[in-house]
$ cat final_30.cif   # mmCIF, N, CA and C atoms
data_final
#
loop_
_atom_site.label_atom_id
_atom_site.label_comp_id
_atom_site.auth_asym_id
_atom_site.auth_seq_id
_atom_site.Cartn_x
_atom_site.Cartn_y
_atom_site.Cartn_z
N MET A 1 -42.19 19.27 91.33
CA MET A 1 -43.09 18.14 91.46
C MET A 1 -44.43 18.47 90.82
N LYS A 2 -44.51 18.26 89.56
CA LYS A 2 -45.70 18.62 88.80
C LYS A 2 -46.91 17.78 89.17
N GLU A 3 -46.69 16.55 89.64
CA GLU A 3 -47.82 15.66 89.93
C GLU A 3 -48.51 15.99 91.25
N VAL A 4 -47.94 16.87 92.06
CA VAL A 4 -48.55 17.23 93.35
C VAL A 4 -49.67 18.23 93.12
N GLY A 5 -50.86 17.89 93.60
CA GLY A 5 -52.01 18.77 93.44
C GLY A 5 -52.36 19.56 94.69
N ILE A 6 -51.86 19.08 95.86
CA ILE A 6 -52.18 19.75 97.11
C ILE A 6 -51.09 19.43 98.14
N VAL A 7 -50.74 20.43 98.94
CA VAL A 7 -49.80 20.25 100.03
C VAL A 7 -50.61 20.37 101.31
N LEU A 8 -50.50 19.35 102.16
CA LEU A 8 -51.42 19.20 103.28
C LEU A 8 -50.69 19.30 104.62
N ASP A 9 -51.30 20.01 105.58
CA ASP A 9 -50.77 20.07 106.93
C ASP A 9 -51.86 20.60 107.87
N CYS A 10 -51.65 20.40 109.16
CA CYS A 10 -52.56 20.93 110.18
C CYS A 10 -51.88 22.09 110.89
N THR A 11 -52.67 23.05 111.31
CA THR A 11 -52.16 24.14 112.11
C THR A 11 -52.86 24.15 113.46
N VAL A 12 -52.14 24.63 114.46
CA VAL A 12 -52.63 24.66 115.83
C VAL A 12 -53.00 26.10 116.19
N ILE A 13 -54.17 26.26 116.81
CA ILE A 13 -54.62 27.57 117.28
C ILE A 13 -54.77 27.46 118.79
N PRO A 14 -53.98 28.23 119.56
CA PRO A 14 -54.03 28.08 121.02
C PRO A 14 -55.37 28.50 121.61
N THR A 15 -55.72 27.84 122.71
CA THR A 15 -56.93 28.19 123.46
C THR A 15 -56.55 28.31 124.93
N ASN A 16 -57.47 28.83 125.72
CA ASN A 16 -57.28 28.78 127.17
C ASN A 16 -57.59 27.36 127.64
N ARG A 17 -57.28 27.06 128.87
CA ARG A 17 -57.66 25.76 129.43
C ARG A 17 -59.16 25.80 129.66
N PRO A 18 -59.89 24.91 129.01
CA PRO A 18 -61.35 24.94 129.17
C PRO A 18 -61.77 24.69 130.60
N GLY A 19 -62.79 25.40 131.03
CA GLY A 19 -63.32 25.20 132.38
C GLY A 19 -64.14 23.94 132.44
N GLY A 20 -64.62 23.64 133.60
CA GLY A 20 -65.46 22.46 133.77
C GLY A 20 -64.65 21.23 134.15
N ARG A 21 -65.18 20.08 133.84
CA ARG A 21 -64.57 18.82 134.22
C ARG A 21 -63.26 18.58 133.48
N LEU A 22 -62.36 17.84 134.11
CA LEU A 22 -61.06 17.52 133.54
C LEU A 22 -61.20 16.78 132.21
N GLU A 23 -62.19 15.89 132.11
CA GLU A 23 -62.37 15.11 130.89
C GLU A 23 -62.64 16.02 129.69
N PHE A 24 -63.37 17.11 129.91
CA PHE A 24 -63.65 18.06 128.83
C PHE A 24 -62.37 18.74 128.38
N GLY A 25 -61.56 19.17 129.34
CA GLY A 25 -60.33 19.87 129.02
C GLY A 25 -59.28 19.00 128.37
N LYS A 26 -59.24 17.71 128.73
CA LYS A 26 -58.21 16.81 128.21
C LYS A 26 -58.25 16.67 126.69
N LYS A 27 -59.43 16.72 126.11
CA LYS A 27 -59.49 16.53 124.66
C LYS A 27 -58.93 17.73 123.89
N TYR A 28 -58.78 18.87 124.56
CA TYR A 28 -58.20 20.05 123.91
C TYR A 28 -56.70 20.18 124.17
N TYR A 29 -56.12 19.26 124.92
CA TYR A 29 -54.70 19.34 125.23
C TYR A 29 -53.89 18.58 124.18
N SER A 30 -52.91 19.25 123.59
CA SER A 30 -52.04 18.61 122.61
C SER A 30 -50.76 18.18 123.32
N GLY A 31 -50.54 16.88 123.39
CA GLY A 31 -49.32 16.37 124.01
C GLY A 31 -48.08 16.73 123.21
N LYS A 32 -48.23 16.88 121.91
CA LYS A 32 -47.09 17.25 121.05
C LYS A 32 -46.64 18.69 121.32
N HIS A 33 -47.61 19.59 121.42
CA HIS A 33 -47.29 21.02 121.58
C HIS A 33 -47.31 21.48 123.03
N HIS A 34 -47.83 20.64 123.94
CA HIS A 34 -47.92 20.95 125.37
C HIS A 34 -48.72 22.22 125.65
N ILE A 35 -49.82 22.38 124.90
CA ILE A 35 -50.73 23.51 125.12
C ILE A 35 -52.16 23.02 124.88
N TYR A 36 -53.13 23.79 125.37
CA TYR A 36 -54.52 23.56 125.02
C TYR A 36 -54.75 24.27 123.69
N CYS A 37 -55.40 23.60 122.75
CA CYS A 37 -55.53 24.17 121.42
C CYS A 37 -56.65 23.51 120.64
N VAL A 38 -56.97 24.10 119.50
CA VAL A 38 -57.79 23.49 118.47
C VAL A 38 -56.93 23.44 117.21
N LYS A 39 -57.31 22.61 116.27
CA LYS A 39 -56.51 22.52 115.05
C LYS A 39 -57.41 22.38 113.84
N ALA A 40 -56.85 22.76 112.70
CA ALA A 40 -57.54 22.65 111.42
C ALA A 40 -56.55 22.16 110.38
N GLU A 41 -57.04 21.36 109.45
CA GLU A 41 -56.21 20.87 108.36
C GLU A 41 -56.45 21.74 107.13
N VAL A 42 -55.36 22.14 106.50
CA VAL A 42 -55.45 23.01 105.33
C VAL A 42 -54.70 22.36 104.18
N GLY A 43 -55.33 22.36 103.02
CA GLY A 43 -54.69 21.92 101.79
C GLY A 43 -54.37 23.13 100.95
N VAL A 44 -53.09 23.31 100.63
CA VAL A 44 -52.65 24.49 99.89
C VAL A 44 -52.30 24.09 98.46
N ASN A 45 -52.74 24.88 97.51
CA ASN A 45 -52.41 24.68 96.10
C ASN A 45 -50.94 25.06 95.91
N PRO A 46 -50.07 24.12 95.48
CA PRO A 46 -48.64 24.43 95.39
C PRO A 46 -48.29 25.40 94.26
N LYS A 47 -49.17 25.57 93.31
CA LYS A 47 -48.86 26.46 92.19
C LYS A 47 -49.09 27.94 92.53
N VAL A 48 -50.11 28.22 93.37
CA VAL A 48 -50.43 29.61 93.68
C VAL A 48 -50.30 29.96 95.16
N GLY A 49 -50.19 28.96 96.04
CA GLY A 49 -49.98 29.22 97.46
C GLY A 49 -51.22 29.63 98.23
N THR A 50 -52.39 29.32 97.71
CA THR A 50 -53.63 29.64 98.41
C THR A 50 -54.30 28.36 98.89
N ALA A 51 -55.19 28.50 99.87
CA ALA A 51 -55.87 27.34 100.43
C ALA A 51 -56.89 26.79 99.45
N SER A 52 -56.83 25.49 99.22
CA SER A 52 -57.82 24.81 98.38
C SER A 52 -58.91 24.19 99.23
N THR A 53 -58.51 23.63 100.38
CA THR A 53 -59.47 23.02 101.30
C THR A 53 -59.10 23.38 102.72
N ILE A 54 -60.10 23.57 103.54
CA ILE A 54 -59.90 23.82 104.97
C ILE A 54 -60.91 22.95 105.71
N SER A 55 -60.42 22.19 106.68
CA SER A 55 -61.31 21.31 107.44
C SER A 55 -62.07 22.10 108.50
N SER A 56 -62.92 21.41 109.18
CA SER A 56 -63.57 21.98 110.36
C SER A 56 -62.53 22.10 111.47
N ILE A 57 -62.90 22.73 112.57
CA ILE A 57 -62.02 22.84 113.73
C ILE A 57 -62.15 21.57 114.56
N TYR A 58 -61.01 21.02 114.98
CA TYR A 58 -60.96 19.81 115.80
C TYR A 58 -60.26 20.13 117.12
N SER A 59 -60.51 19.31 118.12
CA SER A 59 -59.83 19.49 119.41
C SER A 59 -58.34 19.18 119.26
N GLY A 60 -57.54 19.74 120.12
CA GLY A 60 -56.08 19.63 120.02
C GLY A 60 -55.53 18.23 120.13
N SER A 61 -56.24 17.32 120.77
CA SER A 61 -55.74 15.96 120.93
C SER A 61 -56.00 15.10 119.69
N THR A 62 -56.74 15.59 118.72
CA THR A 62 -57.04 14.83 117.51
C THR A 62 -55.80 14.77 116.63
N HIS A 63 -55.43 13.58 116.19
CA HIS A 63 -54.24 13.40 115.37
C HIS A 63 -54.51 13.89 113.95
N ASP A 64 -53.47 14.39 113.29
CA ASP A 64 -53.60 14.89 111.92
C ASP A 64 -54.16 13.83 110.98
N PHE A 65 -53.72 12.59 111.13
CA PHE A 65 -54.15 11.52 110.25
C PHE A 65 -55.64 11.21 110.43
N THR A 66 -56.15 11.36 111.64
CA THR A 66 -57.58 11.16 111.90
C THR A 66 -58.40 12.20 111.15
N ILE A 67 -57.95 13.44 111.17
CA ILE A 67 -58.62 14.51 110.44
C ILE A 67 -58.57 14.22 108.94
N PHE A 68 -57.41 13.77 108.48
CA PHE A 68 -57.23 13.46 107.07
C PHE A 68 -58.21 12.38 106.60
N LYS A 69 -58.36 11.32 107.39
CA LYS A 69 -59.25 10.23 106.99
C LYS A 69 -60.69 10.70 106.80
N GLU A 70 -61.11 11.67 107.60
CA GLU A 70 -62.47 12.20 107.47
C GLU A 70 -62.64 13.06 106.22
N HIS A 71 -61.55 13.70 105.78
CA HIS A 71 -61.64 14.64 104.66
C HIS A 71 -61.07 14.10 103.36
N TYR A 72 -60.58 12.85 103.36
CA TYR A 72 -59.98 12.30 102.16
C TYR A 72 -60.92 12.30 100.95
N PRO A 73 -62.21 11.97 101.09
CA PRO A 73 -63.10 12.03 99.92
C PRO A 73 -63.15 13.42 99.26
N THR A 74 -63.05 14.47 100.06
CA THR A 74 -63.02 15.83 99.52
C THR A 74 -61.78 16.04 98.67
N PHE A 75 -60.64 15.54 99.15
CA PHE A 75 -59.39 15.69 98.40
C PHE A 75 -59.44 14.94 97.08
N VAL A 76 -59.96 13.73 97.11
CA VAL A 76 -60.05 12.92 95.89
C VAL A 76 -60.92 13.63 94.85
N GLN A 77 -62.02 14.19 95.30
CA GLN A 77 -62.93 14.90 94.41
C GLN A 77 -62.24 16.12 93.79
N LYS A 78 -61.50 16.89 94.59
CA LYS A 78 -60.85 18.10 94.09
C LYS A 78 -59.64 17.81 93.22
N LEU A 79 -58.89 16.72 93.51
CA LEU A 79 -57.62 16.48 92.85
C LEU A 79 -57.72 15.71 91.55
N GLY A 80 -58.64 14.80 91.47
CA GLY A 80 -58.79 14.02 90.24
C GLY A 80 -57.54 13.25 89.87
N GLY A 81 -56.89 12.58 90.82
CA GLY A 81 -55.73 11.75 90.52
C GLY A 81 -54.38 12.36 90.85
N ALA A 82 -54.32 13.66 91.11
CA ALA A 82 -53.04 14.28 91.48
C ALA A 82 -52.64 13.80 92.88
N LYS A 83 -51.38 13.94 93.19
CA LYS A 83 -50.86 13.44 94.46
C LYS A 83 -50.96 14.49 95.56
N ILE A 84 -50.90 14.00 96.80
CA ILE A 84 -50.94 14.84 97.99
C ILE A 84 -49.57 14.79 98.63
N LEU A 85 -49.01 15.95 98.94
CA LEU A 85 -47.73 16.02 99.62
C LEU A 85 -48.00 16.36 101.08
N ALA A 86 -47.52 15.51 101.99
CA ALA A 86 -47.80 15.70 103.41
C ALA A 86 -46.56 15.33 104.23
N ASP A 87 -46.57 15.69 105.50
CA ASP A 87 -45.43 15.38 106.36
C ASP A 87 -45.58 14.01 106.98
N SER A 88 -44.66 13.68 107.88
CA SER A 88 -44.61 12.33 108.45
C SER A 88 -45.80 11.99 109.35
N ALA A 89 -46.61 12.96 109.73
CA ALA A 89 -47.81 12.67 110.51
C ALA A 89 -48.82 11.87 109.70
N TYR A 90 -48.70 11.88 108.39
CA TYR A 90 -49.62 11.19 107.50
C TYR A 90 -49.06 9.88 106.97
N ILE A 91 -47.99 9.40 107.56
CA ILE A 91 -47.28 8.24 107.02
C ILE A 91 -48.15 6.99 106.95
N GLY A 92 -49.13 6.85 107.81
CA GLY A 92 -50.02 5.70 107.77
C GLY A 92 -50.92 5.69 106.56
N ALA A 93 -51.06 6.80 105.87
CA ALA A 93 -51.96 6.88 104.73
C ALA A 93 -51.38 6.26 103.47
N LYS A 94 -50.07 6.18 103.37
CA LYS A 94 -49.46 5.72 102.13
C LYS A 94 -49.89 4.31 101.71
N PRO A 95 -49.79 3.31 102.55
CA PRO A 95 -50.23 1.99 102.11
C PRO A 95 -51.74 1.92 101.89
N GLU A 96 -52.47 2.65 102.69
CA GLU A 96 -53.93 2.59 102.61
C GLU A 96 -54.47 3.24 101.34
N LEU A 97 -53.86 4.35 100.91
CA LEU A 97 -54.43 5.14 99.84
C LEU A 97 -53.57 5.22 98.58
N GLY A 98 -52.26 5.08 98.72
CA GLY A 98 -51.39 5.12 97.56
C GLY A 98 -51.24 6.47 96.90
N ALA A 99 -51.86 7.52 97.44
CA ALA A 99 -51.79 8.84 96.81
C ALA A 99 -51.03 9.85 97.65
N ILE A 100 -50.28 9.36 98.62
CA ILE A 100 -49.59 10.26 99.54
C ILE A 100 -48.08 10.20 99.29
N ILE A 101 -47.47 11.37 99.20
CA ILE A 101 -46.02 11.44 99.19
C ILE A 101 -45.64 11.96 100.56
N THR A 102 -45.00 11.15 101.36
CA THR A 102 -44.64 11.59 102.70
C THR A 102 -43.22 12.13 102.70
N LYS A 103 -42.92 12.90 103.71
CA LYS A 103 -41.61 13.51 103.82
C LYS A 103 -40.72 12.63 104.69
N PRO A 104 -39.84 11.84 104.10
CA PRO A 104 -38.89 11.12 104.94
C PRO A 104 -37.97 12.11 105.65
N VAL A 105 -37.55 11.75 106.83
CA VAL A 105 -36.69 12.63 107.61
C VAL A 105 -35.41 12.90 106.83
N GLY A 106 -35.03 14.16 106.73
CA GLY A 106 -33.78 14.54 106.09
C GLY A 106 -33.84 14.60 104.58
N THR A 107 -35.02 14.76 103.98
CA THR A 107 -35.13 14.87 102.53
C THR A 107 -35.38 16.34 102.18
N PRO A 108 -34.33 17.08 101.83
CA PRO A 108 -34.49 18.51 101.56
C PRO A 108 -35.38 18.80 100.36
N GLU A 109 -35.40 17.92 99.35
CA GLU A 109 -36.21 18.18 98.17
C GLU A 109 -37.70 18.25 98.52
N LEU A 110 -38.18 17.26 99.27
CA LEU A 110 -39.60 17.27 99.64
C LEU A 110 -39.89 18.38 100.64
N ALA A 111 -38.95 18.65 101.53
CA ALA A 111 -39.14 19.74 102.49
C ALA A 111 -39.26 21.08 101.78
N SER A 112 -38.51 21.27 100.71
CA SER A 112 -38.58 22.53 99.98
C SER A 112 -39.94 22.70 99.29
N HIS A 113 -40.59 21.60 98.95
CA HIS A 113 -41.93 21.69 98.35
C HIS A 113 -43.00 21.88 99.42
N ARG A 114 -42.76 21.36 100.63
CA ARG A 114 -43.73 21.50 101.71
C ARG A 114 -43.71 22.89 102.33
N VAL A 115 -42.67 23.66 102.10
CA VAL A 115 -42.56 24.97 102.74
C VAL A 115 -43.72 25.89 102.35
N ILE A 116 -44.37 25.62 101.23
CA ILE A 116 -45.47 26.47 100.79
C ILE A 116 -46.63 26.47 101.79
N VAL A 117 -46.90 25.33 102.42
CA VAL A 117 -47.99 25.28 103.40
C VAL A 117 -47.55 25.98 104.69
N GLU A 118 -46.29 25.87 105.06
CA GLU A 118 -45.81 26.58 106.26
C GLU A 118 -45.85 28.09 106.05
N ARG A 119 -45.52 28.54 104.86
CA ARG A 119 -45.60 29.97 104.56
C ARG A 119 -47.05 30.46 104.58
N PHE A 120 -47.95 29.63 104.10
CA PHE A 120 -49.37 29.98 104.15
C PHE A 120 -49.82 30.18 105.59
N PHE A 121 -49.43 29.26 106.48
CA PHE A 121 -49.78 29.39 107.90
C PHE A 121 -49.17 30.66 108.49
N GLY A 122 -47.95 30.98 108.10
CA GLY A 122 -47.31 32.20 108.58
C GLY A 122 -48.08 33.44 108.17
N ARG A 123 -48.49 33.49 106.91
CA ARG A 123 -49.28 34.64 106.43
C ARG A 123 -50.62 34.72 107.15
N LEU A 124 -51.26 33.58 107.32
CA LEU A 124 -52.56 33.53 107.98
C LEU A 124 -52.47 34.07 109.41
N LYS A 125 -51.46 33.64 110.14
CA LYS A 125 -51.33 34.04 111.54
C LYS A 125 -50.79 35.45 111.70
N THR A 126 -50.10 35.96 110.69
CA THR A 126 -49.62 37.34 110.73
C THR A 126 -50.74 38.32 110.40
N LEU A 127 -51.53 37.99 109.39
CA LEU A 127 -52.57 38.91 108.95
C LEU A 127 -53.81 38.90 109.83
N PHE A 128 -54.14 37.76 110.40
CA PHE A 128 -55.38 37.63 111.17
C PHE A 128 -55.05 37.22 112.60
N SER A 129 -55.18 38.15 113.52
CA SER A 129 -54.79 37.89 114.90
C SER A 129 -55.64 36.83 115.57
N VAL A 130 -56.81 36.51 115.01
CA VAL A 130 -57.67 35.49 115.60
C VAL A 130 -56.95 34.13 115.61
N PHE A 131 -56.00 33.92 114.72
CA PHE A 131 -55.25 32.67 114.68
C PHE A 131 -54.01 32.68 115.55
N ARG A 132 -53.61 33.85 116.06
CA ARG A 132 -52.41 33.99 116.88
C ARG A 132 -52.70 33.94 118.37
N HIS A 133 -53.82 34.52 118.77
CA HIS A 133 -54.13 34.67 120.19
C HIS A 133 -55.06 33.56 120.66
N PRO A 134 -54.96 33.20 121.92
CA PRO A 134 -55.80 32.09 122.44
C PRO A 134 -57.29 32.35 122.30
N TRP A 135 -58.00 31.33 121.91
CA TRP A 135 -59.45 31.35 121.88
C TRP A 135 -59.95 31.00 123.27
N TRP A 136 -61.08 31.55 123.65
CA TRP A 136 -61.68 31.24 124.94
C TRP A 136 -62.76 30.20 124.73
N LEU A 137 -62.59 29.06 125.38
CA LEU A 137 -63.56 27.97 125.27
C LEU A 137 -64.41 27.92 126.52
N ALA A 138 -65.69 27.71 126.35
CA ALA A 138 -66.60 27.57 127.49
C ALA A 138 -66.90 26.10 127.71
N ALA A 139 -67.18 25.74 128.93
CA ALA A 139 -67.50 24.33 129.24
C ALA A 139 -68.88 23.98 128.76
#
$ encode --input "final_30.cif" --output "structure tokens"
Amino acid sequence: MKEVGIVLDCTVIPTNRPGGRLEFGKKYYSGKHHIYCVKAEVGVNPKVGTASTISSIYSGSTHDFTIFKEHYPTFVQKLGGAKILADSAYIGAKPELGAIITKPVGTPELASHRVIVERFFGRLKTLFSVFRHPWWLAA
């Protein structure tokens, strides 16, 4: 897929259950992963396998597409018309932006191109223990 300029996904970094009021802790709880966490969106260059863009840290309850909408201008600036390859969490972006190739369920071709971002996360979490072990959040 020569037209793909960036492969996009979010990674989850576990945290402890934040102390304090329940409302504070709820925003760090990911219903998908059933853990307290923070997350970051990473755009990986498919040609070399390195990170091109990394978002700020967001609370675990923040949806991937919400993070994407905040950082889309950065991607447009860096890509200059190339396409973005993302998983089904970004499916709402396709009609809105026209620059997203989403992964339909059961499409091995697109999945084989997306594996580069999963491998990047694997290397990141293997080499740097700060991404593997829970972060301690204060209220």
$ residues_around --input "final_30.cif" --residues "Lys26 of chain A" --least-positions-apart "5" --cutoff "10 Å" --atoms "only C-alpha atoms" --output "list in words"
Arg17, Pro18, Arg21, Gly31, Tyr36, Ser59, Gly60 and Ser61 of chain A
$ closest_residue --input "final_30.cif" --among "A:His34, A:Lys39, A:Lys78, A:Lys27" --to "Tyr58 of chain A" --atoms "all atoms listed in the file"
A:Lys39
$ residues_around --input "final_30.cif" --residues "Val117 of chain A" --least-positions-apart "4" --cutoff "8 Å" --atoms "all atoms listed in the file" --output "PyMOL selection string"
chain A and resi 7-9+42-46+49+113+121-123
$ closest_residue --input "final_30.cif" --among "A:Ala51, A:Tyr90, A:Ser112, A:Lys83" --to "Phe68 of chain A" --atoms "only N, CA and C atoms"
A:Tyr90
$ select_by_dssp --input "final_30.cif" --residues "chain A" --states "alpha helix (DSSP H)" --output "PyMOL selection string"
chain A and resi 22-26+64-79+93-97+108-127
$ closest_residue --input "final_30.cif" --among "A:Ala89, A:Cys37, A:Leu124, A:Ile13" --to "Phe65 of chain A" --atoms "only N, CA and C atoms"
A:Ala89
